[in-house]
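Peer 1: One file is attached below, final.cif, containing mmCIF, C-alpha atoms.
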data_protein
#
loop_
_atom_site.label_atom_id
_atom_site.label_comp_id
_atom_site.auth_asym_id
_atom_site.auth_seq_id
_atom_site.Cartn_x
_atom_site.Cartn_y
_atom_site.Cartn_z
CA MET A 1 -32.10 21.04 -15.21
CA SER A 2 -31.94 21.65 -11.45
CA ASN A 3 -29.54 18.71 -11.13
CA LEU A 4 -27.20 20.35 -13.64
CA PHE A 5 -27.41 23.68 -11.78
CA SER A 6 -26.73 21.94 -8.51
CA ARG A 7 -23.64 20.21 -9.88
CA ARG A 8 -22.24 23.42 -11.33
CA ARG A 9 -22.97 25.33 -8.15
CA TRP A 10 -20.86 22.98 -6.03
CA ARG A 11 -18.10 22.29 -8.56
CA THR A 12 -15.76 25.14 -7.54
CA PRO A 13 -16.09 24.68 -3.75
CA PHE A 14 -15.67 20.93 -4.22
CA LEU A 15 -12.52 21.41 -6.29
CA ALA A 16 -11.19 23.89 -3.74
CA LEU A 17 -11.79 21.40 -0.94
CA CYS A 18 -10.08 18.65 -2.97
CA ALA A 19 -7.07 20.92 -3.48
CA VAL A 20 -6.89 21.60 0.27
CA LEU A 21 -7.15 17.90 1.06
CA LEU A 22 -4.48 17.03 -1.52
CA ALA A 23 -2.17 19.67 -0.08
CA CYS A 24 -2.71 18.23 3.40
CA GLY A 25 -2.15 14.70 2.15
CA SER A 26 1.09 15.55 0.37
CA GLY A 27 2.96 16.35 3.60
CA ALA A 28 4.48 13.97 6.07
CA GLY A 29 2.35 11.73 8.29
CA ARG A 30 1.16 14.66 10.41
CA ALA A 31 -0.91 16.17 7.59
CA GLY A 32 -2.51 12.79 6.94
CA ASP A 33 -3.33 12.54 10.64
CA GLY A 34 -5.17 15.89 10.46
CA HIS A 35 -7.24 14.67 7.52
CA ASP A 36 -8.11 11.47 9.36
CA ARG A 37 -9.08 13.42 12.49
CA ALA A 38 -11.33 15.71 10.43
CA ARG A 39 -13.04 12.73 8.77
CA GLN A 40 -13.53 11.05 12.16
CA ALA A 41 -15.02 14.28 13.56
CA LEU A 42 -17.53 14.36 10.69
CA GLU A 43 -18.43 10.69 11.15
CA ALA A 44 -18.83 11.20 14.93
CA GLY A 45 -21.14 14.17 14.38
CA GLU A 46 -18.68 16.66 15.89
CA VAL A 47 -18.78 18.80 12.74
CA LEU A 48 -21.43 19.62 10.17
CA PRO A 49 -20.94 18.51 6.58
CA LEU A 50 -19.34 21.06 4.28
CA ARG A 51 -22.54 21.28 2.21
CA ALA A 52 -24.50 22.62 5.22
CA ILE A 53 -21.80 25.17 5.96
CA LEU A 54 -21.63 26.37 2.35
CA GLU A 55 -25.40 26.74 2.10
CA ARG A 56 -25.35 29.00 5.16
CA VAL A 57 -22.40 31.05 3.94
CA GLU A 58 -23.87 31.53 0.46
CA ARG A 59 -27.20 32.62 1.93
CA GLU A 60 -25.66 35.26 4.20
CA TYR A 61 -22.63 36.27 2.09
CA PRO A 62 -23.51 35.87 -1.61
CA GLY A 63 -20.51 35.40 -3.87
CA GLN A 64 -18.13 32.71 -5.06
CA VAL A 65 -16.57 30.43 -2.43
CA ILE A 66 -12.92 30.14 -3.42
CA ASP A 67 -11.32 28.36 -0.47
CA VAL A 68 -12.39 26.22 2.48
CA GLU A 69 -10.30 24.82 5.32
CA LEU A 70 -11.34 22.76 8.33
CA GLU A 71 -9.05 23.33 11.29
CA ARG A 72 -8.85 22.43 14.94
CA GLU A 73 -8.57 25.73 16.80
CA HIS A 74 -7.09 26.05 20.29
CA GLU A 75 -8.08 29.29 21.97
CA SER A 76 -8.20 30.26 25.65
CA GLY A 77 -7.87 26.64 26.74
CA ARG A 78 -10.81 25.64 24.53
CA GLU A 79 -10.65 23.46 21.44
CA ARG A 80 -13.13 23.52 18.57
CA TRP A 81 -13.38 22.72 14.89
CA VAL A 82 -13.64 25.78 12.66
CA TYR A 83 -14.31 26.06 8.94
CA GLU A 84 -12.41 28.96 7.40
CA VAL A 85 -14.20 30.06 4.23
CA LYS A 86 -13.07 32.65 1.70
CA VAL A 87 -15.78 34.26 -0.43
CA LEU A 88 -15.16 36.48 -3.45
CA ARG A 89 -17.99 39.03 -3.46
CA SER A 90 -19.32 40.94 -6.44
CA GLY A 91 -17.18 44.02 -6.89
CA GLY A 92 -14.04 42.06 -6.11
CA SER A 93 -13.91 42.19 -2.31
CA LEU A 94 -12.69 39.08 -0.51
CA VAL A 95 -14.40 38.04 2.72
CA LYS A 96 -12.67 35.59 5.03
CA LEU A 97 -15.14 33.94 7.44
CA LYS A 98 -14.72 31.73 10.49
CA VAL A 99 -17.60 29.30 11.01
CA ASP A 100 -18.09 27.06 14.04
CA ALA A 101 -18.05 23.58 12.52
CA ARG A 102 -20.28 22.08 15.23
CA ASP A 103 -23.36 24.28 14.75
CA GLY A 104 -22.67 26.53 11.74
CA THR A 105 -22.53 29.79 13.68
CA ILE A 106 -20.58 32.39 11.74
CA LEU A 107 -18.10 33.58 14.33
CA GLY A 108 -16.81 36.55 12.38
CA GLY A 109 -14.75 37.53 9.45
CA LYS A 110 -12.78 40.15 7.62
CA ASP A 111 -13.50 41.95 4.38
CA GLN A 112 -10.08 42.04 2.77
CA GLY A 113 -11.02 43.50 -0.60
CA LYS A 114 -11.29 47.22 0.08
CA PRO A 115 -8.81 49.50 1.83
CA ARG A 116 -11.46 51.16 4.02
CA SER A 117 -13.51 48.07 4.74
CA LYS A 118 -14.91 47.22 8.14
CA SER A 119 -14.90 43.82 9.79
CA VAL A 120 -17.74 41.53 8.84
CA GLN A 121 -20.29 41.40 11.66
CA PRO A 122 -20.48 37.91 13.17
CA LYS A 123 -23.78 36.08 13.05
CA THR A 124 -24.79 34.45 16.30
CA HIS A 125 -27.44 31.97 15.23
CA PRO A 126 -26.59 28.36 14.37
CA ILE A 127 -27.74 26.47 11.30
CA GLY A 128 -31.27 25.18 11.43
CA ASP A 129 -32.90 27.83 13.62
CA GLY A 130 -35.04 29.20 10.78
CA ARG A 131 -33.18 32.45 10.12
#
Any chance you could give the structure as structure tokens?
Peer 2:
Amino acid sequence: MSNLFSRRRWRTPFLALCAVLLACGSGAGRAGDGHDRARQALEAGEVLPLRAILERVEREYPGQVIDVELEREHESGRERWVYEVKVLRSGGSLVKLKVDARDGTILGGKDQGKPRSKSVQPKTHPIGDGR
């Protein structure tokens, strides 16, 4: 029974990731290069697996993950891999999170579902520190 629950739980995020990867793969060679770079980063240990990221996000922001993207971000002369995760919360609000792909730290996010919403407070602790 737990195996069935586990499969259902990851079906939607898995399908969303597949859709993102297919969209990236359908472009010219550059999109394929991005996919290859992301896979190499995972294999080299530069990024955490998506499963670890989703477990963290679901624990801190309960809801339905509807979209995930892994991107190389260039900011202030610094490069890093970032997972961008969209979560549909109960009540219909949409939260867009940025997660550091190396350690799972939730860098921040925006609650886009309500007109008077405030920014989501970033979490500063990485995955695996017991919080």
Peer 1: For segment 84-86 of chain A, list every protein, DNA or RNA residue within 6 Å, evaluated using all atoms listed in the file, and leave out those in the same chain fewer than 4 positions away; present the list as a list in words.
Peer 2: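 Near segment 84-86 of chain A, the qualifying residues are Val65, Ile66, Asp67, Val68, Glu69, Val95, Lys96, Leu97 and Lys98 of chain A.
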Peer 1: Of the residues A:Asp36, A:Glu79, A:Glu60, A:Glu55, which is the one nearest to Arg102 of chain A, using only C-alpha atoms?
Peer 2: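 Using only C-alpha atoms, the shortest distance to Arg102 of chain A belongs to A:Glu79.
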Peer 1: What does the distance from atom CA of Glu73 of chain A to atom CA of Leu88 of chain A come to in Å, to one decimal?
Peer 2: 23.9 Å
Peer 1: Hey, can you check how far atom CA of Tyr83 of chain A sits from atom CA of Ala101 of chain A?
Peer 2: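 Those two atoms sit 5.7 Å apart.
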Peer 1: Hey, can you check how far atom CA of Ser93 of chain A sits from atom CA of Asp111 of chain A?
Peer 2: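 These two atoms are separated by 6.7 Å.
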Peer 1: Compare A:Lys110, A:Arg72, A:Arg78, A:Arg89 by their minimum atom-to-atom distance to Val47 of chain A, counting only C-alpha atoms, and give me the closest one.
Peer 2: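 Of A:Lys110, A:Arg72, A:Arg78, A:Arg89, the one nearest Val47 of chain A, counting only C-alpha atoms, is A:Arg72.
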Peer 1: Which residues are near Val82 of chain A? Cut-off 6 Å, all atoms listed in the file, ignore same chain within fewer than 3 positions. Put them as number ranges by chain.
Peer 2: A: 70-71, 99-101
